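Peer 1: Attaching a single structure in structure tokens format; questions to follow.
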Amino acid sequence: MLALATASTVHAGGLMTNTNYHIAFDRMFARAATTEIDAAYSNPAGLAWGHEGWQLSLNFQKPWQNRDIECSIPGFLGSNFDKKYNGVASAPIVPALFAAYKKQNWAFSAMIGIVGSGGFVTYDEGIPMFEVPIRALLAQAGMMPDQYNYSANMKGKQYIYGAQFNVTRKINDHFSAAIGIRANYYDGYNRGFVNANMTAVPNNIDLIDLQLDCIQRGWGFAPIVSFDYHDTKLTVSARYEFRTKIATENDTRTLSARIKNTDPQTAAQVPYIEGAAALQMFGDKVAAYQDGAETRYDMPSLLAVAVGYNFTPQLRAALEYHFYDDKHAKMANDRQKTLTHGTHEFLAGVEYDINKKFTVSCGGQRTDYGLSDEYQQNTSFACDSWSLGLGGAWNINEKARLNVSYFCSLYSDYNKTQANYQGTPYTGTEIYSRTNHVIGVGIDYKF
């Protein structure tokens, strides 16, 4: 019924991958050339040039996001059907933990965070892929919208938790390498209902009632390799994350449909169509949620390359590029094949030390997903974006640093026009739009 596979709120990165775990990313973006504690994710090989001894970092982010669908169908139900479905995405305070230990030529590091998606999304009035066919079905039976009440609610959750461990080796005075592995655990659910009933008659007759409660969970692992070149001013890095295969199995608690039989020849004997016969009337909209069915939510392989340069002891800047091979990361119904290309991301950031106590930074990111009309769905859609971030750091003392940040994403609306929209004889247009804001705070500590 509902595959809100991009229920992401803590999001900077690819279709299934997050990259913003540490607050330093939120305030600068281009962090793949860093040698500080956040390198435990973004540049494990770079830790060969970092702090000697232990480092810890604890980070918290609070996101807000809307995911809206605007639907327009001229001529539908005897007039123009125009409706905006507001999707409110939310998440609690989202933490991430980093740890690293370096001694001479070796470094060991770990990171725990929400590595994919990370949040909940709710459509209090449902989504058009259910409302439009249901209203069309009722219209065929002679019931127009003013003759019944329609209500719907759709909810989705998706978290991919990750725990990553790396081993770093300094090869010589300029080169280092690291190997690592990340375990990823997918935890999500899809819940909702659609109901059309007639309240102006005895017994509050249900015309259509559809219910879903489906939980999905699964595991996957990704090897990671990274390399780093470092001298006094210049850092060049490369990191490759292999594809994570995640196959989830449905634990379906509820999947039911009940439809009023309006065929006069059988209505007396079979007043309602229920069970499998009723579910079949919704076709592939509910087929994916049968108990025990498997759905793929692979995280794609990722190539990240970056160049960082220290112009002065106080001024640093970096450029970075990401490629997510989404077309070879399996999704439900092989949906990845409808993308025109994998995701390209371009990042840039600059950081300046005002004095020994305070640092300020800012950055930007461009994300191009390779979207197509076939890829975009009511239950899972994306929009290309520009993201902007800024913030600062306060060196409380020689051991502790406080980071704060804010970033927002500016999305391009996606317009999709379909003939025979949702099985009707009408042409319909959908406009997909998103907003995203994140604030963060974190503390780094050196022992």
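The chains in the structure tokens are called A, B, ... from first to last as shown; in each chain the residues are counted from 1, and the ligands are counted from 1 in the order shown.
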What lies within 7 Å of range 388-391 of chain A using only C-alpha atoms, ignoring chain neighbours under 2 positions off, as a list in words?
Peer 2: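 The residues that qualify are Asp26, Arg27, Met28, Val360, Ser361, Cys362, Gly363, Gly364, Gln365, Trp386, Val404, Ser405, Tyr406, Phe407, Cys408 and Ser409 of chain A.
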Peer 1: Write out as a list in words which residues come within 7 Å of Ile160 in chain A when counting only C-alpha atoms, dropping same-chain ones fewer than 6 positions away.
Peer 2: Ile114, Val115, Gly116, Ser117, Gly118, Asn184, Tyr185, Tyr186 and Asp187 of chain A
Peer 1: Can you pull out the residues contacting Leu138 in chain A? Cut-off 10 Å, using only C-alpha atoms, and skip same-chain residues under 6 positions away; I want them as a PyMOL selection string.
Peer 2: chain A and resi 144-145+148+196+207-208+260+262
Peer 1: Output N, CA, C and O atoms of each residue in that selection to a file, as a PDB file, in the first residue's frame.
Peer 2:
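The result, stored in selection_34.pdb:
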ATOM      1  N   MET A 144     -21.142   9.882  -6.283  1.00  0.00           N
ATOM      2  CA  MET A 144     -20.246  11.018  -6.455  1.00  0.00           C
ATOM      3  C   MET A 144     -19.712  11.477  -5.095  1.00  0.00           C
ATOM      4  O   MET A 144     -20.252  11.112  -4.050  1.00  0.00           O
ATOM      5  N   PRO A 145     -18.635  12.272  -5.070  1.00  0.00           N
ATOM      6  CA  PRO A 145     -17.973  12.639  -3.803  1.00  0.00           C
ATOM      7  C   PRO A 145     -18.878  13.261  -2.758  1.00  0.00           C
ATOM      8  O   PRO A 145     -18.620  13.099  -1.555  1.00  0.00           O
ATOM      9  N   TYR A 148     -20.661  10.609  -0.101  1.00  0.00           N
ATOM     10  CA  TYR A 148     -19.968   9.759   0.865  1.00  0.00           C
ATOM     11  C   TYR A 148     -18.803  10.526   1.485  1.00  0.00           C
ATOM     12  O   TYR A 148     -18.377  11.575   0.986  1.00  0.00           O
ATOM     13  N   ALA A 196     -13.985   4.815   2.591  1.00  0.00           N
ATOM     14  CA  ALA A 196     -15.084   5.607   2.024  1.00  0.00           C
ATOM     15  C   ALA A 196     -16.380   5.033   2.582  1.00  0.00           C
ATOM     16  O   ALA A 196     -16.634   3.835   2.469  1.00  0.00           O
ATOM     17  N   LEU A 207     -18.263   1.715   2.127  1.00  0.00           N
ATOM     18  CA  LEU A 207     -18.215   1.401   0.697  1.00  0.00           C
ATOM     19  C   LEU A 207     -16.905   0.708   0.357  1.00  0.00           C
ATOM     20  O   LEU A 207     -16.875  -0.279  -0.372  1.00  0.00           O
ATOM     21  N   ILE A 208     -15.796   1.270   0.872  1.00  0.00           N
ATOM     22  CA  ILE A 208     -14.474   0.692   0.668  1.00  0.00           C
ATOM     23  C   ILE A 208     -13.680   0.868   1.956  1.00  0.00           C
ATOM     24  O   ILE A 208     -13.687   1.942   2.559  1.00  0.00           O
ATOM     25  N   LYS A 260     -17.813  -2.698  -1.026  1.00  0.00           N
ATOM     26  CA  LYS A 260     -19.251  -2.888  -1.198  1.00  0.00           C
ATOM     27  C   LYS A 260     -19.535  -3.372  -2.612  1.00  0.00           C
ATOM     28  O   LYS A 260     -19.083  -2.785  -3.607  1.00  0.00           O
ATOM     29  N   THR A 262     -21.592  -3.571  -5.679  1.00  0.00           N
ATOM     30  CA  THR A 262     -22.661  -2.772  -6.279  1.00  0.00           C
ATOM     31  C   THR A 262     -23.267  -3.447  -7.511  1.00  0.00           C
ATOM     32  O   THR A 262     -24.036  -2.831  -8.239  1.00  0.00           O
TER      33      THR A 262
END
Peer 1: For Met299 in chain A, which residue among A:Lys285, A:Arg182, A:Lys170, A:Arg239 is the nearest when counting only C-alpha atoms?
Peer 2: A:Arg182
Peer 1: List the spatial neighbours of Ser57 in chain A as a PyMOL selection string - criterion: any atom at most 9 Å away, only C-alpha atoms, same-chain residues fewer than 5 positions off excluded.
Peer 2: chain A and resi 22+37-38+96-99+442-446
Peer 1: Can you list, as a list in words, every protein, DNA or RNA residue that comes within 9 Å of range 290-293 of chain A when you count only C-alpha atoms, leaving out same-chain residues fewer than 3 positions away?
Peer 2: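 Result of the neighbour search: Cys214, Thr248, Glu249, Asn250, Asp251, Thr252, Arg253, Thr254, Leu255, Val286 and Ala287 of chain A.
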Peer 1: At a cut-off of 9 Å, using only C-alpha atoms, what residues contact range 40-44 of chain A? Leave out same-chain residues fewer than 5 positions from it and give the result as an MDAnalysis selection string.
Peer 2: chainID A and resid 19 21:22 31:35 98:100 107:111 164:168 177:180 225:228 237:239 304
Peer 1: Would you give me, as a list in words, the residues in range 227-438 of chain A that DSSP reads as alpha helix (DSSP H)?
Peer 2: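 Put together, the selection reads Gly275, Ala276, Ala277, Ala278, Leu279, Gln280, Asp284, Lys285, Val286 and Ala287 of chain A.
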Peer 1: Please, could you write that set of residues out with all heavy atoms as a PDB file, in the first residue's frame?
Peer 2:
ATOM      1  N   GLY A 275     -11.384 -10.164   1.459  1.00  0.00           N
ATOM      2  CA  GLY A 275     -10.266 -11.097   1.361  1.00  0.00           C
ATOM      3  C   GLY A 275      -9.455 -10.921   0.098  1.00  0.00           C
ATOM      4  O   GLY A 275      -9.287  -9.821  -0.432  1.00  0.00           O
ATOM      5  N   ALA A 276      -8.962 -12.055  -0.436  1.00  0.00           N
ATOM      6  CA  ALA A 276      -8.069 -12.023  -1.584  1.00  0.00           C
ATOM      7  C   ALA A 276      -8.736 -11.402  -2.811  1.00  0.00           C
ATOM      8  O   ALA A 276      -8.093 -10.690  -3.581  1.00  0.00           O
ATOM      9  CB  ALA A 276      -7.599 -13.439  -1.908  1.00  0.00           C
ATOM     10  N   ALA A 277     -10.044 -11.654  -2.983  1.00  0.00           N
ATOM     11  CA  ALA A 277     -10.745 -11.105  -4.150  1.00  0.00           C
ATOM     12  C   ALA A 277     -10.760  -9.582  -4.109  1.00  0.00           C
ATOM     13  O   ALA A 277     -10.600  -8.918  -5.130  1.00  0.00           O
ATOM     14  CB  ALA A 277     -12.166 -11.646  -4.208  1.00  0.00           C
ATOM     15  N   ALA A 278     -10.945  -9.018  -2.911  1.00  0.00           N
ATOM     16  CA  ALA A 278     -10.943  -7.561  -2.781  1.00  0.00           C
ATOM     17  C   ALA A 278      -9.538  -6.997  -2.979  1.00  0.00           C
ATOM     18  O   ALA A 278      -9.355  -5.966  -3.635  1.00  0.00           O
ATOM     19  CB  ALA A 278     -11.494  -7.161  -1.416  1.00  0.00           C
ATOM     20  N   LEU A 279      -8.530  -7.667  -2.433  1.00  0.00           N
ATOM     21  CA  LEU A 279      -7.146  -7.188  -2.585  1.00  0.00           C
ATOM     22  C   LEU A 279      -6.717  -7.196  -4.046  1.00  0.00           C
ATOM     23  O   LEU A 279      -5.966  -6.327  -4.489  1.00  0.00           O
ATOM     24  CB  LEU A 279      -6.197  -8.034  -1.744  1.00  0.00           C
ATOM     25  CG  LEU A 279      -6.281  -7.834  -0.224  1.00  0.00           C
ATOM     26  CD1 LEU A 279      -5.429  -8.862   0.488  1.00  0.00           C
ATOM     27  CD2 LEU A 279      -5.846  -6.419   0.151  1.00  0.00           C
ATOM     28  N   GLN A 280      -7.199  -8.190  -4.807  1.00  0.00           N
ATOM     29  CA  GLN A 280      -6.842  -8.266  -6.221  1.00  0.00           C
ATOM     30  C   GLN A 280      -7.316  -7.047  -7.004  1.00  0.00           C
ATOM     31  O   GLN A 280      -6.729  -6.680  -8.022  1.00  0.00           O
ATOM     32  CB  GLN A 280      -7.414  -9.540  -6.840  1.00  0.00           C
ATOM     33  CG  GLN A 280      -6.685 -10.800  -6.414  1.00  0.00           C
ATOM     34  CD  GLN A 280      -7.312 -12.058  -6.976  1.00  0.00           C
ATOM     35  OE1 GLN A 280      -8.316 -12.003  -7.704  1.00  0.00           O
ATOM     36  NE2 GLN A 280      -6.746 -13.205  -6.645  1.00  0.00           N
ATOM     37  N   ASP A 284      -1.129  -4.309  -8.121  1.00  0.00           N
ATOM     38  CA  ASP A 284       0.236  -4.211  -7.617  1.00  0.00           C
ATOM     39  C   ASP A 284       0.395  -3.154  -6.528  1.00  0.00           C
ATOM     40  O   ASP A 284       1.464  -3.033  -5.931  1.00  0.00           O
ATOM     41  CB  ASP A 284       1.213  -3.926  -8.762  1.00  0.00           C
ATOM     42  CG  ASP A 284       0.873  -2.644  -9.515  1.00  0.00           C
ATOM     43  OD1 ASP A 284      -0.080  -1.947  -9.131  1.00  0.00           O
ATOM     44  OD2 ASP A 284       1.587  -2.346 -10.503  1.00  0.00           O
ATOM     45  N   LYS A 285      -0.658  -2.397  -6.253  1.00  0.00           N
ATOM     46  CA  LYS A 285      -0.571  -1.410  -5.172  1.00  0.00           C
ATOM     47  C   LYS A 285      -0.413  -2.077  -3.815  1.00  0.00           C
ATOM     48  O   LYS A 285       0.119  -1.483  -2.875  1.00  0.00           O
ATOM     49  CB  LYS A 285      -1.797  -0.501  -5.171  1.00  0.00           C
ATOM     50  CG  LYS A 285      -1.880   0.456  -6.360  1.00  0.00           C
ATOM     51  CD  LYS A 285      -3.112   1.320  -6.264  1.00  0.00           C
ATOM     52  CE  LYS A 285      -3.129   2.408  -7.340  1.00  0.00           C
ATOM     53  NZ  LYS A 285      -3.191   1.848  -8.684  1.00  0.00           N
ATOM     54  N   VAL A 286      -0.888  -3.302  -3.673  1.00  0.00           N
ATOM     55  CA  VAL A 286      -0.797  -4.008  -2.391  1.00  0.00           C
ATOM     56  C   VAL A 286       0.000  -5.307  -2.491  1.00  0.00           C
ATOM     57  O   VAL A 286       0.344  -5.897  -1.466  1.00  0.00           O
ATOM     58  CB  VAL A 286      -2.202  -4.312  -1.823  1.00  0.00           C
ATOM     59  CG1 VAL A 286      -2.964  -3.024  -1.558  1.00  0.00           C
ATOM     60  CG2 VAL A 286      -2.998  -5.206  -2.776  1.00  0.00           C
ATOM     61  N   ALA A 287       0.329  -5.755  -3.697  1.00  0.00           N
ATOM     62  CA  ALA A 287       0.991  -7.056  -3.867  1.00  0.00           C
ATOM     63  C   ALA A 287       2.322  -7.131  -3.130  1.00  0.00           C
ATOM     64  O   ALA A 287       2.699  -8.188  -2.609  1.00  0.00           O
ATOM     65  CB  ALA A 287       1.194  -7.354  -5.355  1.00  0.00           C
TER      66      ALA A 287
END
Peer 1: Could you tell me, as an MDAnalysis selection string, which residues of range 27-256 of chain A DSSP assigns to strand (DSSP E) when given the backbone?
Peer 2: chainID A and resid 53:73 81:85 87:90 94:103 106:123 149:170 175:198 205:230 234:241 247:256
Peer 1: Near Gly87 in chain A, within 8 Å and counting only C-alpha atoms, which residues show up once chain neighbours fewer than 4 positions away are dropped, as a list in words?
Peer 2: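 Once the adjacent positions are removed, what remains is Asn66, Arg67, Asp68, Ile69, Val121, Thr122, Tyr123 and Asp124 of chain A.
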Peer 1: As an exercise, work out the distance from CA of Tyr161 in chain A to CA of Trp64 in chain A in Å and give it to one decimal place.
Peer 2: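 About the pair CA of Tyr161 in chain A and CA of Trp64 in chain A: they are 19.5 Å apart.
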Peer 1: Which is closest to Leu212 in chain A among A:Ile171, A:Ile224, A:Ala91, A:Met154, if we use only C-alpha atoms?
Peer 2: A:Met154
Peer 1: Which residue out of A:Lys327, A:Val350, A:Gly75, A:Asn333 has the minimum interatomic distance to Tyr369 in chain A when only C-alpha atoms are used?
Peer 2: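 The closest residue to Tyr369 in chain A is A:Lys327.
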Peer 1: Of the residues A:Ile354, A:Ala139, A:Leu302, A:Ala382, which is the one nearest to Leu339 in chain A, using only C-alpha atoms?
Peer 2: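 Going through A:Ile354, A:Ala139, A:Leu302, A:Ala382 one by one, the smallest distance to Leu339 in chain A is for A:Ala382.
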Peer 1: Could you check the closest approach to Asn59 in chain A for each of A:Ala183, A:Ile93, A:Ile23, A:Ala247 and tell me which residue wins, using only C-alpha atoms?
Peer 2: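 Looking at the shortest contact to Asn59 in chain A, the residue is A:Ile23.
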